[in-house]
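Below is the file final21.cif, which contains mmCIF, C-alpha atoms.
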data_final
#
loop_
_atom_site.label_atom_id
_atom_site.label_comp_id
_atom_site.auth_asym_id
_atom_site.auth_seq_id
_atom_site.Cartn_x
_atom_site.Cartn_y
_atom_site.Cartn_z
CA MET A 1 19.67 -82.23 7.00
CA VAL A 2 18.02 -78.99 5.91
CA ARG A 3 15.06 -80.95 4.51
CA PHE A 4 14.71 -82.82 7.80
CA LEU A 5 14.67 -79.58 9.79
CA PHE A 6 12.10 -78.09 7.39
CA VAL A 7 9.81 -81.11 7.76
CA ALA A 8 10.18 -80.99 11.55
CA ILE A 9 9.24 -77.30 11.63
CA ILE A 10 6.18 -77.90 9.43
CA ALA A 11 5.07 -80.82 11.62
CA ALA A 12 5.46 -78.74 14.76
CA PHE A 13 3.48 -75.90 13.18
CA LEU A 14 0.65 -78.20 12.12
CA GLY A 15 0.59 -79.78 15.56
CA SER A 16 0.31 -76.39 17.23
CA PHE A 17 -2.31 -75.34 14.67
CA SER A 18 -4.57 -78.34 15.39
CA THR A 19 -4.06 -77.87 19.12
CA ALA A 20 -5.03 -74.23 18.84
CA HIS A 21 -8.27 -75.16 17.14
CA ALA A 22 -9.16 -77.77 19.76
CA GLN A 23 -11.13 -76.37 22.66
CA ASP A 24 -11.83 -77.60 26.15
CA LYS A 25 -15.38 -77.66 27.45
CA THR A 26 -16.32 -78.61 30.99
CA LEU A 27 -19.77 -80.13 31.30
CA THR A 28 -21.93 -81.34 34.15
CA LEU A 29 -23.98 -84.46 33.57
CA ASP A 30 -27.21 -82.44 33.38
CA GLU A 31 -25.68 -80.09 30.80
CA ALA A 32 -24.52 -83.05 28.71
CA ILE A 33 -27.99 -84.63 28.79
CA LYS A 34 -29.60 -81.33 27.78
CA LEU A 35 -27.22 -80.95 24.82
CA GLY A 36 -27.77 -84.55 23.76
CA ILE A 37 -31.54 -84.14 23.72
CA GLN A 38 -31.41 -80.76 21.92
CA ASN A 39 -29.13 -81.98 19.14
CA SER A 40 -30.36 -85.55 18.71
CA LYS A 41 -31.23 -86.41 15.11
CA VAL A 42 -33.12 -89.46 16.39
CA LEU A 43 -35.46 -87.26 18.44
CA LYS A 44 -36.01 -84.96 15.47
CA LEU A 45 -37.07 -88.00 13.46
CA SER A 46 -39.35 -89.08 16.32
CA GLN A 47 -41.01 -85.66 16.32
CA SER A 48 -41.52 -85.97 12.57
CA LYS A 49 -43.32 -89.29 13.13
CA ILE A 50 -45.54 -87.64 15.75
CA ASP A 51 -46.41 -84.87 13.29
CA GLN A 52 -47.25 -87.52 10.71
CA ALA A 53 -49.55 -89.34 13.15
CA VAL A 54 -51.29 -86.07 14.05
CA SER A 55 -51.79 -85.37 10.35
CA GLN A 56 -53.35 -88.81 9.88
CA TYR A 57 -55.65 -88.14 12.83
CA ASN A 58 -56.76 -84.85 11.29
CA GLN A 59 -57.40 -86.65 7.99
CA ALA A 60 -59.60 -89.15 9.83
CA LYS A 61 -61.61 -86.27 11.29
CA ASP A 62 -61.89 -84.68 7.85
CA SER A 63 -63.42 -87.89 6.44
CA ALA A 64 -66.57 -87.24 8.50
CA LEU A 65 -67.12 -83.78 6.97
CA PRO A 66 -69.64 -83.26 4.15
CA GLY A 67 -68.37 -83.89 0.65
CA GLY A 68 -68.83 -81.24 -2.00
CA LYS A 69 -68.07 -81.07 -5.70
CA ALA A 70 -68.48 -78.44 -8.41
CA SER A 71 -67.95 -78.69 -12.15
CA PHE A 72 -68.62 -76.60 -15.22
CA GLY A 73 -68.29 -77.95 -18.75
CA TYR A 74 -68.68 -76.76 -22.34
CA ASN A 75 -69.64 -79.02 -25.23
CA ARG A 76 -69.93 -78.20 -28.96
CA ALA A 77 -71.61 -80.57 -31.38
CA GLU A 78 -71.12 -80.50 -35.17
CA ILE A 79 -74.01 -82.29 -36.96
CA PRO A 80 -73.19 -82.96 -40.65
CA ALA A 81 -76.25 -85.24 -41.14
CA ASN A 82 -78.92 -83.17 -39.48
CA LYS A 83 -82.17 -84.32 -41.14
CA LEU A 84 -84.44 -87.07 -39.84
CA ASP A 85 -87.17 -88.52 -42.11
CA PHE A 86 -90.19 -90.08 -40.38
CA GLY A 87 -92.33 -90.60 -43.51
CA PRO A 88 -93.51 -88.91 -46.71
CA ASN A 89 -94.91 -85.88 -44.97
CA SER A 90 -92.90 -85.85 -41.81
CA SER A 91 -89.26 -84.83 -41.30
CA PHE A 92 -87.18 -83.17 -38.61
CA ASN A 93 -84.22 -80.89 -39.23
CA LEU A 94 -81.48 -80.35 -36.63
CA PRO A 95 -79.06 -77.41 -36.70
CA LYS A 96 -75.67 -77.89 -38.30
CA ASN A 97 -74.05 -77.35 -34.89
CA ALA A 98 -74.99 -76.78 -31.26
CA ASP A 99 -73.38 -75.47 -28.03
CA ALA A 100 -74.14 -76.51 -24.46
CA TYR A 101 -72.93 -75.45 -21.03
CA LEU A 102 -73.47 -77.67 -18.02
CA GLY A 103 -72.69 -76.66 -14.44
CA ILE A 104 -73.15 -78.98 -11.47
CA VAL A 105 -72.76 -78.37 -7.71
CA THR A 106 -73.40 -81.29 -5.34
CA LEU A 107 -73.17 -81.70 -1.57
CA ASN A 108 -73.19 -85.10 0.18
CA GLU A 109 -73.45 -85.89 3.87
CA THR A 110 -73.41 -89.33 5.45
CA ILE A 111 -76.13 -89.40 8.10
CA PHE A 112 -75.43 -92.88 9.43
CA ALA A 113 -72.59 -95.31 8.65
CA GLY A 114 -72.61 -97.54 11.72
CA GLY A 115 -69.85 -95.56 13.51
CA LYS A 116 -67.15 -96.18 10.86
CA TYR A 117 -65.86 -92.60 10.95
CA LYS A 118 -65.96 -92.53 14.73
CA TYR A 119 -63.83 -95.68 14.96
CA ALA A 120 -61.41 -94.30 12.37
CA ARG A 121 -60.87 -91.23 14.54
CA GLU A 122 -60.44 -93.32 17.69
CA SER A 123 -57.91 -95.60 16.02
CA THR A 124 -55.74 -92.80 14.63
CA ASP A 125 -55.92 -90.95 17.95
CA LEU A 126 -54.62 -94.06 19.75
CA LEU A 127 -51.84 -94.50 17.18
CA THR A 128 -50.83 -90.86 17.71
CA LYS A 129 -50.40 -91.61 21.41
CA VAL A 130 -48.30 -94.65 20.51
CA SER A 131 -46.04 -92.39 18.42
CA ARG A 132 -45.64 -90.01 21.35
CA LEU A 133 -44.59 -92.92 23.56
CA ASP A 134 -42.09 -93.95 20.88
CA ALA A 135 -40.59 -90.47 21.13
CA ASP A 136 -40.45 -90.73 24.93
CA LYS A 137 -38.68 -94.09 24.61
CA ASP A 138 -36.17 -92.59 22.15
CA LYS A 139 -35.58 -89.72 24.54
CA ASP A 140 -34.84 -92.15 27.37
CA GLN A 141 -32.40 -94.05 25.15
CA ILE A 142 -30.60 -90.86 24.08
CA THR A 143 -30.38 -89.77 27.72
CA TYR A 144 -28.97 -93.13 28.74
CA ASP A 145 -26.45 -93.12 25.87
CA VAL A 146 -25.21 -89.69 26.98
CA ILE A 147 -24.97 -90.83 30.62
CA SER A 148 -23.13 -94.00 29.60
CA GLU A 149 -20.55 -92.15 27.48
CA TYR A 150 -20.22 -89.44 30.15
CA TYR A 151 -19.40 -92.05 32.81
CA ASN A 152 -17.05 -93.89 30.46
CA LEU A 153 -15.13 -90.66 29.90
CA TYR A 154 -15.18 -89.98 33.64
CA LYS A 155 -13.71 -93.45 34.31
CA VAL A 156 -10.90 -92.87 31.83
CA LEU A 157 -10.09 -89.40 33.15
CA GLN A 158 -10.07 -90.61 36.76
CA SER A 159 -7.84 -93.52 35.77
CA LYS A 160 -5.47 -91.09 34.05
CA LYS A 161 -5.28 -89.03 37.24
CA VAL A 162 -4.38 -92.10 39.26
CA VAL A 163 -1.77 -93.07 36.66
CA GLU A 164 -0.23 -89.60 36.81
CA GLN A 165 -0.11 -89.75 40.60
CA ASN A 166 1.47 -93.18 40.40
CA LEU A 167 4.06 -92.01 37.88
CA SER A 168 4.96 -89.12 40.16
CA SER A 169 5.39 -91.55 43.05
CA ILE A 170 7.47 -93.95 40.95
CA ASP A 171 9.71 -91.08 39.81
CA GLN A 172 10.41 -90.33 43.44
CA GLN A 173 11.22 -94.01 44.02
CA ILE A 174 13.54 -94.06 40.99
CA HIS A 175 15.31 -90.95 42.25
CA GLN A 176 15.66 -92.45 45.72
CA SER A 177 16.86 -95.83 44.41
CA GLN A 178 19.48 -94.14 42.23
CA ARG A 179 20.72 -92.26 45.27
CA PHE A 180 20.86 -95.53 47.23
CA PHE A 181 22.70 -97.15 44.32
CA GLU A 182 25.29 -94.39 44.32
CA GLN A 183 25.72 -94.98 48.06
CA GLY A 184 26.06 -98.71 47.47
CA LEU A 185 22.92 -99.56 49.43
CA VAL A 186 21.04 -101.20 46.53
CA THR A 187 22.00 -102.91 43.29
CA LYS A 188 21.52 -101.66 39.75
CA ASN A 189 18.79 -104.31 39.37
CA ASP A 190 16.74 -102.55 42.06
CA VAL A 191 16.85 -99.33 40.05
CA LEU A 192 15.86 -101.19 36.89
CA ARG A 193 12.84 -102.72 38.63
CA PHE A 194 11.43 -99.26 39.38
CA GLN A 195 12.16 -98.11 35.83
CA LEU A 196 10.41 -101.21 34.46
CA GLN A 197 7.42 -100.48 36.70
CA ARG A 198 7.32 -96.95 35.30
CA ALA A 199 7.39 -98.23 31.71
CA ASN A 200 4.45 -100.55 32.44
CA VAL A 201 2.45 -97.69 33.93
CA GLN A 202 3.25 -95.54 30.89
CA LEU A 203 1.92 -98.29 28.62
CA ASN A 204 -1.33 -98.15 30.58
CA GLN A 205 -1.30 -94.37 30.20
CA ILE A 206 -1.03 -94.69 26.40
CA ASP A 207 -4.00 -97.08 26.29
CA LEU A 208 -6.06 -94.77 28.50
CA GLU A 209 -5.32 -91.76 26.29
CA SER A 210 -6.36 -93.70 23.19
CA ASN A 211 -9.62 -94.72 24.90
CA ARG A 212 -10.20 -91.13 26.00
CA LYS A 213 -9.91 -89.86 22.44
CA VAL A 214 -12.39 -92.43 21.12
CA ILE A 215 -14.94 -91.82 23.88
CA ASN A 216 -14.48 -88.04 23.65
CA TYR A 217 -15.09 -88.13 19.88
CA ASN A 218 -18.24 -90.25 20.31
CA LEU A 219 -19.53 -87.89 22.99
CA ASP A 220 -18.85 -84.86 20.76
CA ILE A 221 -20.99 -86.44 18.03
CA LEU A 222 -23.70 -87.41 20.51
CA LEU A 223 -23.90 -83.89 21.96
CA GLY A 224 -23.66 -82.07 18.63
CA LEU A 225 -20.35 -80.40 19.55
CA PRO A 226 -17.42 -79.70 17.20
CA GLU A 227 -15.39 -82.88 16.83
CA THR A 228 -12.25 -81.15 18.11
CA THR A 229 -13.83 -80.32 21.48
CA ASN A 230 -12.01 -81.86 24.44
CA ILE A 231 -14.69 -82.52 27.04
CA GLN A 232 -13.77 -82.16 30.68
CA ILE A 233 -15.95 -83.83 33.25
CA ASP A 234 -17.26 -81.79 36.12
CA GLN A 235 -16.66 -83.70 39.33
CA ILE A 236 -19.37 -86.30 39.81
CA THR A 237 -20.78 -86.34 43.31
CA GLU A 238 -22.48 -89.63 43.91
CA ALA A 239 -25.55 -89.21 46.08
CA ASP A 240 -26.39 -91.81 48.69
CA HIS A 241 -29.35 -93.34 46.86
CA GLN A 242 -31.78 -95.14 49.10
CA VAL A 243 -32.38 -98.62 47.73
CA GLY A 244 -35.91 -99.95 48.09
CA PRO A 245 -37.15 -103.52 47.69
CA LEU A 246 -37.02 -105.11 44.25
CA SER A 247 -40.82 -105.35 44.09
CA SER A 248 -41.18 -101.55 44.24
CA TYR A 249 -38.94 -101.14 41.18
CA ILE A 250 -40.87 -103.79 39.26
CA ASP A 251 -44.18 -102.11 40.12
CA SER A 252 -42.74 -98.77 38.98
CA ALA A 253 -41.62 -100.30 35.67
CA MET A 254 -45.05 -101.81 35.04
CA GLY A 255 -46.65 -98.42 35.54
CA SER A 256 -44.09 -96.27 33.72
CA ARG A 257 -42.41 -98.20 30.91
CA GLN A 258 -43.43 -96.97 27.48
CA GLU A 259 -43.61 -100.51 26.11
CA VAL A 260 -46.34 -101.41 28.61
CA GLN A 261 -48.35 -98.28 27.85
CA GLN A 262 -47.95 -98.80 24.10
CA LEU A 263 -49.30 -102.34 24.27
CA VAL A 264 -52.30 -101.13 26.26
CA LEU A 265 -52.99 -98.61 23.48
CA ARG A 266 -52.43 -101.21 20.75
CA SER A 267 -54.91 -103.48 22.50
CA LYS A 268 -57.46 -100.68 22.30
CA VAL A 269 -56.57 -100.16 18.62
CA ALA A 270 -57.23 -103.85 17.98
CA GLU A 271 -60.63 -103.66 19.71
CA THR A 272 -61.50 -100.54 17.71
CA ASN A 273 -60.48 -102.28 14.50
CA ILE A 274 -62.88 -105.14 15.23
CA LYS A 275 -65.74 -102.68 15.77
CA SER A 276 -64.83 -100.83 12.58
CA ILE A 277 -64.90 -104.03 10.49
CA ARG A 278 -68.30 -104.94 11.93
CA THR A 279 -69.73 -101.67 10.65
CA ASN A 280 -69.31 -103.03 7.11
CA GLN A 281 -72.39 -105.18 7.79
CA ILE A 282 -74.56 -102.20 8.71
CA PRO A 283 -76.64 -100.22 6.14
CA THR A 284 -75.71 -96.60 5.50
CA LEU A 285 -77.89 -93.55 4.99
CA ALA A 286 -76.69 -90.49 3.13
CA ALA A 287 -78.25 -87.17 2.13
CA SER A 288 -77.41 -85.23 -1.01
CA ALA A 289 -78.26 -81.92 -2.61
CA GLY A 290 -77.48 -80.75 -6.12
CA MET A 291 -77.87 -77.74 -8.35
CA TYR A 292 -77.56 -77.84 -12.14
CA TYR A 293 -77.08 -75.07 -14.68
CA VAL A 294 -77.95 -76.05 -18.28
CA ASP A 295 -77.49 -73.49 -21.08
CA ALA A 296 -77.84 -74.40 -24.77
CA ASN A 297 -77.05 -70.91 -26.00
CA ILE A 298 -73.79 -70.11 -27.77
CA ASP A 299 -73.23 -67.23 -25.38
CA PRO A 300 -71.99 -68.57 -21.98
CA ILE A 301 -73.38 -65.53 -20.16
CA PRO A 302 -76.82 -66.50 -18.76
CA LYS A 303 -79.77 -64.81 -20.46
CA SER A 304 -83.36 -65.08 -19.37
CA GLY A 305 -85.17 -67.89 -21.08
CA ASN A 306 -82.01 -69.57 -22.42
CA TYR A 307 -81.06 -71.76 -19.46
CA ILE A 308 -82.60 -73.93 -16.75
CA THR A 309 -81.42 -74.57 -13.15
CA PRO A 310 -82.78 -77.81 -11.71
CA LEU A 311 -82.36 -78.29 -7.95
CA THR A 312 -82.30 -81.76 -6.41
CA VAL A 313 -82.33 -83.19 -2.90
CA GLY A 314 -82.28 -86.84 -2.03
CA LEU A 315 -81.72 -89.59 0.52
CA THR A 316 -79.78 -92.75 -0.30
CA PHE A 317 -80.17 -95.92 1.72
CA SER A 318 -77.61 -98.58 0.84
CA TRP A 319 -76.70 -101.95 2.25
CA ASN A 320 -73.98 -104.23 1.00
CA PHE A 321 -75.64 -107.33 2.44
CA SER A 322 -72.97 -109.64 0.96
CA SER A 323 -70.79 -108.46 3.85
CA LEU A 324 -72.92 -110.69 6.09
CA TRP A 325 -70.95 -113.67 4.76
CA THR A 326 -67.76 -112.03 3.43
CA ASN A 327 -66.94 -110.01 6.57
CA LYS A 328 -66.64 -112.85 9.09
CA ASN A 329 -63.08 -113.83 8.11
CA LYS A 330 -61.96 -110.21 8.36
CA ILE A 331 -63.36 -110.10 11.89
CA SER A 332 -61.60 -113.38 12.71
CA GLU A 333 -58.27 -111.94 11.53
CA ALA A 334 -58.80 -108.80 13.62
CA LYS A 335 -59.50 -110.95 16.71
CA ILE A 336 -56.30 -112.91 16.10
CA GLU A 337 -54.36 -109.62 15.97
CA ARG A 338 -55.98 -108.59 19.26
CA ASP A 339 -54.99 -111.92 20.84
CA GLN A 340 -51.41 -111.45 19.60
CA VAL A 341 -51.25 -108.10 21.36
CA THR A 342 -52.46 -109.74 24.57
CA ILE A 343 -49.79 -112.44 24.31
CA ASN A 344 -47.15 -109.80 23.57
CA GLN A 345 -48.20 -107.95 26.72
CA GLY A 346 -47.34 -111.03 28.78
CA ILE A 347 -43.99 -111.50 27.03
CA THR A 348 -43.08 -107.83 27.50
CA ALA A 349 -44.03 -107.92 31.18
CA ASP A 350 -41.78 -110.96 31.74
CA ASN A 351 -38.86 -109.31 29.93
CA ILE A 352 -39.27 -106.11 31.94
CA ARG A 353 -39.27 -108.05 35.23
CA LYS A 354 -36.04 -109.79 34.22
CA GLU A 355 -34.46 -106.52 33.09
CA VAL A 356 -35.35 -104.72 36.33
CA ASN A 357 -34.10 -107.64 38.43
CA GLN A 358 -30.78 -107.70 36.53
CA SER A 359 -30.33 -103.92 36.89
CA TYR A 360 -31.21 -104.10 40.57
CA GLU A 361 -28.70 -106.89 41.24
CA ASP A 362 -25.99 -105.09 39.23
CA TYR A 363 -26.46 -101.95 41.33
CA MET A 364 -26.34 -103.87 44.61
CA VAL A 365 -23.15 -105.64 43.50
CA ALA A 366 -21.62 -102.29 42.49
CA LEU A 367 -22.31 -100.87 45.97
CA ASP A 368 -20.79 -103.94 47.63
CA LYS A 369 -17.68 -103.61 45.44
CA ILE A 370 -17.19 -100.00 46.55
CA LYS A 371 -17.25 -101.04 50.21
CA LEU A 372 -14.83 -103.89 49.58
CA LEU A 373 -12.45 -101.80 47.48
CA GLN A 374 -12.42 -99.02 50.07
CA THR A 375 -11.22 -101.59 52.63
CA SER A 376 -8.72 -102.88 50.05
CA ILE A 377 -7.28 -99.37 49.55
CA ASP A 378 -6.89 -98.89 53.29
CA GLN A 379 -5.03 -102.18 53.51
CA ALA A 380 -2.90 -101.50 50.42
CA GLY A 381 -2.06 -98.02 51.73
CA GLU A 382 -0.98 -99.38 55.09
CA ASN A 383 1.08 -102.10 53.41
CA ASN A 384 2.70 -99.51 51.14
CA LYS A 385 3.70 -97.34 54.13
CA ILE A 386 5.24 -100.32 55.92
CA LEU A 387 7.28 -101.46 52.91
CA GLU A 388 8.32 -97.88 52.14
CA SER A 389 9.69 -97.59 55.68
CA LYS A 390 11.41 -100.98 55.41
CA TYR A 391 12.90 -100.07 52.05
CA ARG A 392 14.26 -96.81 53.43
CA SER A 393 15.87 -98.75 56.25
CA ASN A 394 17.11 -101.34 53.71
CA THR A 395 15.14 -104.21 55.27
CA ALA A 396 12.88 -104.76 52.25
CA SER A 397 13.79 -105.42 48.62
CA ALA A 398 13.03 -103.16 45.70
CA THR A 399 10.72 -105.87 44.37
CA ASP A 400 8.63 -105.82 47.54
CA ARG A 401 8.55 -102.03 47.45
CA ALA A 402 7.47 -101.94 43.79
CA ASP A 403 4.83 -104.62 44.36
CA ALA A 404 3.32 -102.66 47.26
CA GLU A 405 3.21 -99.52 45.14
CA THR A 406 1.54 -101.44 42.29
CA LEU A 407 -1.08 -102.93 44.62
CA LEU A 408 -1.99 -99.49 45.97
CA TYR A 409 -2.11 -98.02 42.46
CA GLN A 410 -4.35 -100.82 41.20
CA ALA A 411 -6.66 -100.53 44.22
CA GLN A 412 -7.05 -96.78 43.62
CA ILE A 413 -7.95 -97.32 39.97
CA ASN A 414 -10.39 -100.11 40.85
CA LEU A 415 -12.16 -97.90 43.38
CA GLU A 416 -12.60 -95.04 40.91
CA LEU A 417 -13.91 -97.44 38.28
CA ALA A 418 -16.25 -99.06 40.82
CA LYS A 419 -17.69 -95.67 41.80
CA ALA A 420 -18.35 -94.83 38.17
CA ASP A 421 -19.84 -98.27 37.56
CA ALA A 422 -22.16 -97.80 40.54
CA GLY A 423 -23.32 -94.43 39.21
CA LEU A 424 -24.02 -95.88 35.77
CA ALA A 425 -25.72 -98.93 37.35
CA TYR A 426 -28.07 -96.60 39.23
CA TYR A 427 -29.07 -94.83 36.00
CA THR A 428 -29.48 -98.22 34.32
CA LEU A 429 -31.87 -99.18 37.13
CA LEU A 430 -33.79 -95.92 36.60
CA LYS A 431 -34.01 -96.61 32.86
CA SER A 432 -35.33 -100.12 33.47
CA THR A 433 -38.13 -98.69 35.63
CA GLY A 434 -39.06 -96.02 33.09
CA LYS A 435 -38.09 -93.19 35.44
CA LEU A 436 -34.95 -91.90 33.71
CA ASN A 437 -36.48 -88.60 32.54
CA LYS A 438 -39.14 -88.27 35.25
#

Encoded form using structure tokens:
Amino acid sequence: MVRFLFVAIIAAFLGSFSTAHAQDKTLTLDEAIKLGIQNSKVLKLSQSKIDQAVSQYNQAKDSALPGGKASFGYNRAEIPANKLDFGPNSSFNLPKNADAYLGIVTLNETIFAGGKYKYARESTDLLTKVSRLDADKDKDQITYDVISEYYNLYKVLQSKKVVEQNLSSIDQQIHQSQRFFEQGLVTKNDVLRFQLQRANVQLNQIDLESNRKVINYNLDILLGLPETTNIQIDQITEADHQVGPLSSYIDSAMGSRQEVQQLVLRSKVAETNIKSIRTNQIPTLAASAGMYYVDANIDPIPKSGNYITPLTVGLTFSWNFSSLWTNKNKISEAKIERDQVTINQGITADNIRKEVNQSYEDYMVALDKIKLLQTSIDQAGENNKILESKYRSNTASATDRADAETLLYQAQINLELAKADAGLAYYTLLKSTGKLNK
């Protein structure tokens, strides 16, 4: 018994300890989105890819700069056999050893290469813009994920409120039915029906709390908050969004979606690649300048008369004319890649149209559901009042009374869920048109 009490005390202490370390945080939707964007690891990775693309662009620009090289070397020669005989009266003796210093500085500049460096810069610049659009797309997805989880949590919390209100109402009915039972106006079965209804609502409450914990945890991770943070939703006020024709949303998507803009850029990259490959067939002209320092003295410090410094300048004209017949298949492959981009543009446009149409229809259906459910609540509320009055006057059964209460409770939950679904459907429509963060 003592051990049991000790374990119970420890469990209660740990429960209070974990509760004390949990904290509540009330967030508006805008605040949640801002936190999600600030703390997103995906967006940090996207920024890293942008930085990489910018670095590649800068490297492409650097490739057009003059090339320079400098070197300085020392050589020592040991000459064991140092005598050359050219005949009876002619011979030549070399020293037993020799030292030599050679310094070279060269500078090279390509004067004309058919635009190869220009096309390299254009291509990497276009790919940098593609990377930026990738980041924008990731930002839209993170924003939508935050909105989706925020609305899911809102739906659960609103449902919990309705459940709590319903439990309070059922408790009143149980109290009243017990009083009627004591007065002999109803049977014990009538009391049990209300108690069974309460148990069923409590089961729903348990499921809702479990869902709340899962969604809350996911949202904590998404927003970069401590995992013990209990997020409270600031009341969502749904604005009366004016719904335009479907065609206007499709036109907006075609002008704003990152996928469309990326394919336009990739089409330009493909065209630039074709031009760059064609430059392989064009001769190149390069200029060079060089300076040499040659010193055969053992002392590396220059002394007058012991070294020479030749200076050179030159022009080099080169043409790999074999590219006239080896380059054509490379150009053919580049044209195929360009055609694939064009085909992909058509596929993407079709998919976007279907996505916008689906989002548009889902939002319209969500608005219609709200109107219908509002009427349903009015009807369920009126029916509940009538049966409550009849039950009080003992002209309606406990079953009828409980059923009316259940219908009203379910209608209230459905309306709250429909409002949240309509809000999320509107943001889904915005995302499909590329206007979520604009």

Here's the selection I'm unsure about, the PyMOL selection byres ((chain A and resi 110) around 9); applied to the file above, which residues does it give, as a CSV table (one decimal) with C-alpha atoms, in the coordinates of the input?
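In the end it all went to out24.csv:
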chain,number,residue,atom,x,y,z
A,64,ALA,CA,-66.6,-87.2,8.5
A,65,LEU,CA,-67.1,-83.8,7.0
A,66,PRO,CA,-69.6,-83.3,4.2
A,67,GLY,CA,-68.4,-83.9,0.6
A,108,ASN,CA,-73.2,-85.1,0.2
A,109,GLU,CA,-73.4,-85.9,3.9
A,111,ILE,CA,-76.1,-89.4,8.1
A,112,PHE,CA,-75.4,-92.9,9.4
A,113,ALA,CA,-72.6,-95.3,8.6
A,284,THR,CA,-75.7,-96.6,5.5
A,285,LEU,CA,-77.9,-93.6,5.0
A,286,ALA,CA,-76.7,-90.5,3.1
A,287,ALA,CA,-78.2,-87.2,2.1
A,288,SER,CA,-77.4,-85.2,-1.0

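In terms of minimum interatomic distance to A:Leu222, A:Tyr144 ranks closest within A:Tyr74, A:Trp319, A:Tyr57, A:Tyr144, counting all atoms listed in the file.
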
| said: Which residues are near stretch 290-302 of chain A? Cut-off 9 Å, all atoms listed in the file, ignore same chain within fewer than 4 positions. Put them as a VMD selection string. | reply: chain A and resid 72 74 98 to 108 306 to 314

Using C-alpha atoms, can you export the residues from the last selection as a CSV table (one decimal), in the coordinates of the input?
chain,number,residue,atom,x,y,z
A,72,PHE,CA,-68.6,-76.6,-15.2
A,74,TYR,CA,-68.7,-76.8,-22.3
A,98,ALA,CA,-75.0,-76.8,-31.3
A,99,ASP,CA,-73.4,-75.5,-28.0
A,100,ALA,CA,-74.1,-76.5,-24.5
A,101,TYR,CA,-72.9,-75.4,-21.0
A,102,LEU,CA,-73.5,-77.7,-18.0
A,103,GLY,CA,-72.7,-76.7,-14.4
A,104,ILE,CA,-73.2,-79.0,-11.5
A,105,VAL,CA,-72.8,-78.4,-7.7
A,106,THR,CA,-73.4,-81.3,-5.3
A,107,LEU,CA,-73.2,-81.7,-1.6
A,108,ASN,CA,-73.2,-85.1,0.2
A,306,ASN,CA,-82.0,-69.6,-22.4
A,307,TYR,CA,-81.1,-71.8,-19.5
A,308,ILE,CA,-82.6,-73.9,-16.8
A,309,THR,CA,-81.4,-74.6,-13.2
A,310,PRO,CA,-82.8,-77.8,-11.7
A,311,LEU,CA,-82.4,-78.3,-8.0
A,312,THR,CA,-82.3,-81.8,-6.4
A,313,VAL,CA,-82.3,-83.2,-2.9
A,314,GLY,CA,-82.3,-86.8,-2.0

If I wrap all listed atoms of stretch 281-293 of chain A in a box with edges along x, y and z and add 3 Å on each side, what are its centre and edge lengths in Å to one decimal, as lines of an AutoDock Vina configuration file?
center_x = -75.3
center_y = -90.1
center_z = -3.0
size_x = 11.9
size_y = 36.1
size_z = 29.4

| Got a sec to resolve the PyMOL selection byres ((chain A and resi 47) around 12) on this structure and send the residues as a VMD selection string? | chain A and resid 40 to 46 48 to 54 128 131 to 136 138 to 139

Could you take the residues named above and write them with C-alpha atoms, as an mmCIF file, in the coordinates of the input?
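Contents of again22.cif, freshly written:
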data_model
loop_
_atom_site.group_PDB
_atom_site.id
_atom_site.type_symbol
_atom_site.label_atom_id
_atom_site.label_comp_id
_atom_site.auth_asym_id
_atom_site.auth_seq_id
_atom_site.Cartn_x
_atom_site.Cartn_y
_atom_site.Cartn_z
ATOM 1 C CA SER A 40 -30.360 -85.550 18.710
ATOM 2 C CA LYS A 41 -31.230 -86.410 15.110
ATOM 3 C CA VAL A 42 -33.120 -89.460 16.390
ATOM 4 C CA LEU A 43 -35.460 -87.260 18.440
ATOM 5 C CA LYS A 44 -36.010 -84.960 15.470
ATOM 6 C CA LEU A 45 -37.070 -88.000 13.460
ATOM 7 C CA SER A 46 -39.350 -89.080 16.320
ATOM 8 C CA SER A 48 -41.520 -85.970 12.570
ATOM 9 C CA LYS A 49 -43.320 -89.290 13.130
ATOM 10 C CA ILE A 50 -45.540 -87.640 15.750
ATOM 11 C CA ASP A 51 -46.410 -84.870 13.290
ATOM 12 C CA GLN A 52 -47.250 -87.520 10.710
ATOM 13 C CA ALA A 53 -49.550 -89.340 13.150
ATOM 14 C CA VAL A 54 -51.290 -86.070 14.050
ATOM 15 C CA THR A 128 -50.830 -90.860 17.710
ATOM 16 C CA SER A 131 -46.040 -92.390 18.420
ATOM 17 C CA ARG A 132 -45.640 -90.010 21.350
ATOM 18 C CA LEU A 133 -44.590 -92.920 23.560
ATOM 19 C CA ASP A 134 -42.090 -93.950 20.880
ATOM 20 C CA ALA A 135 -40.590 -90.470 21.130
ATOM 21 C CA ASP A 136 -40.450 -90.730 24.930
ATOM 22 C CA ASP A 138 -36.170 -92.590 22.150
ATOM 23 C CA LYS A 139 -35.580 -89.720 24.540
#

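From atom CA of A:Ala334 back to atom CA of A:Gln258, the distance works out to 23.8 Å.
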
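Taking atom CA of A:Ile377 and atom CA of A:Thr406 as the two end points, the separation is 11.6 Å.
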
| request: Using all atoms listed in the file, determine which residues lie at most 12 Å from A:Tyr151, disregarding the query and same-chain residues fewer than 2 positions distant; provide the list as a ChimeraX atom specification. | output: /A:28-29,32,144-149,153-158,212,215-216,219,232-236,238,416-428

| request: Would you work out the distance separating atom CA of A:Gln178 from atom CA of A:Asp403, expressed in Å to one decimal? | output: 18.1 Å
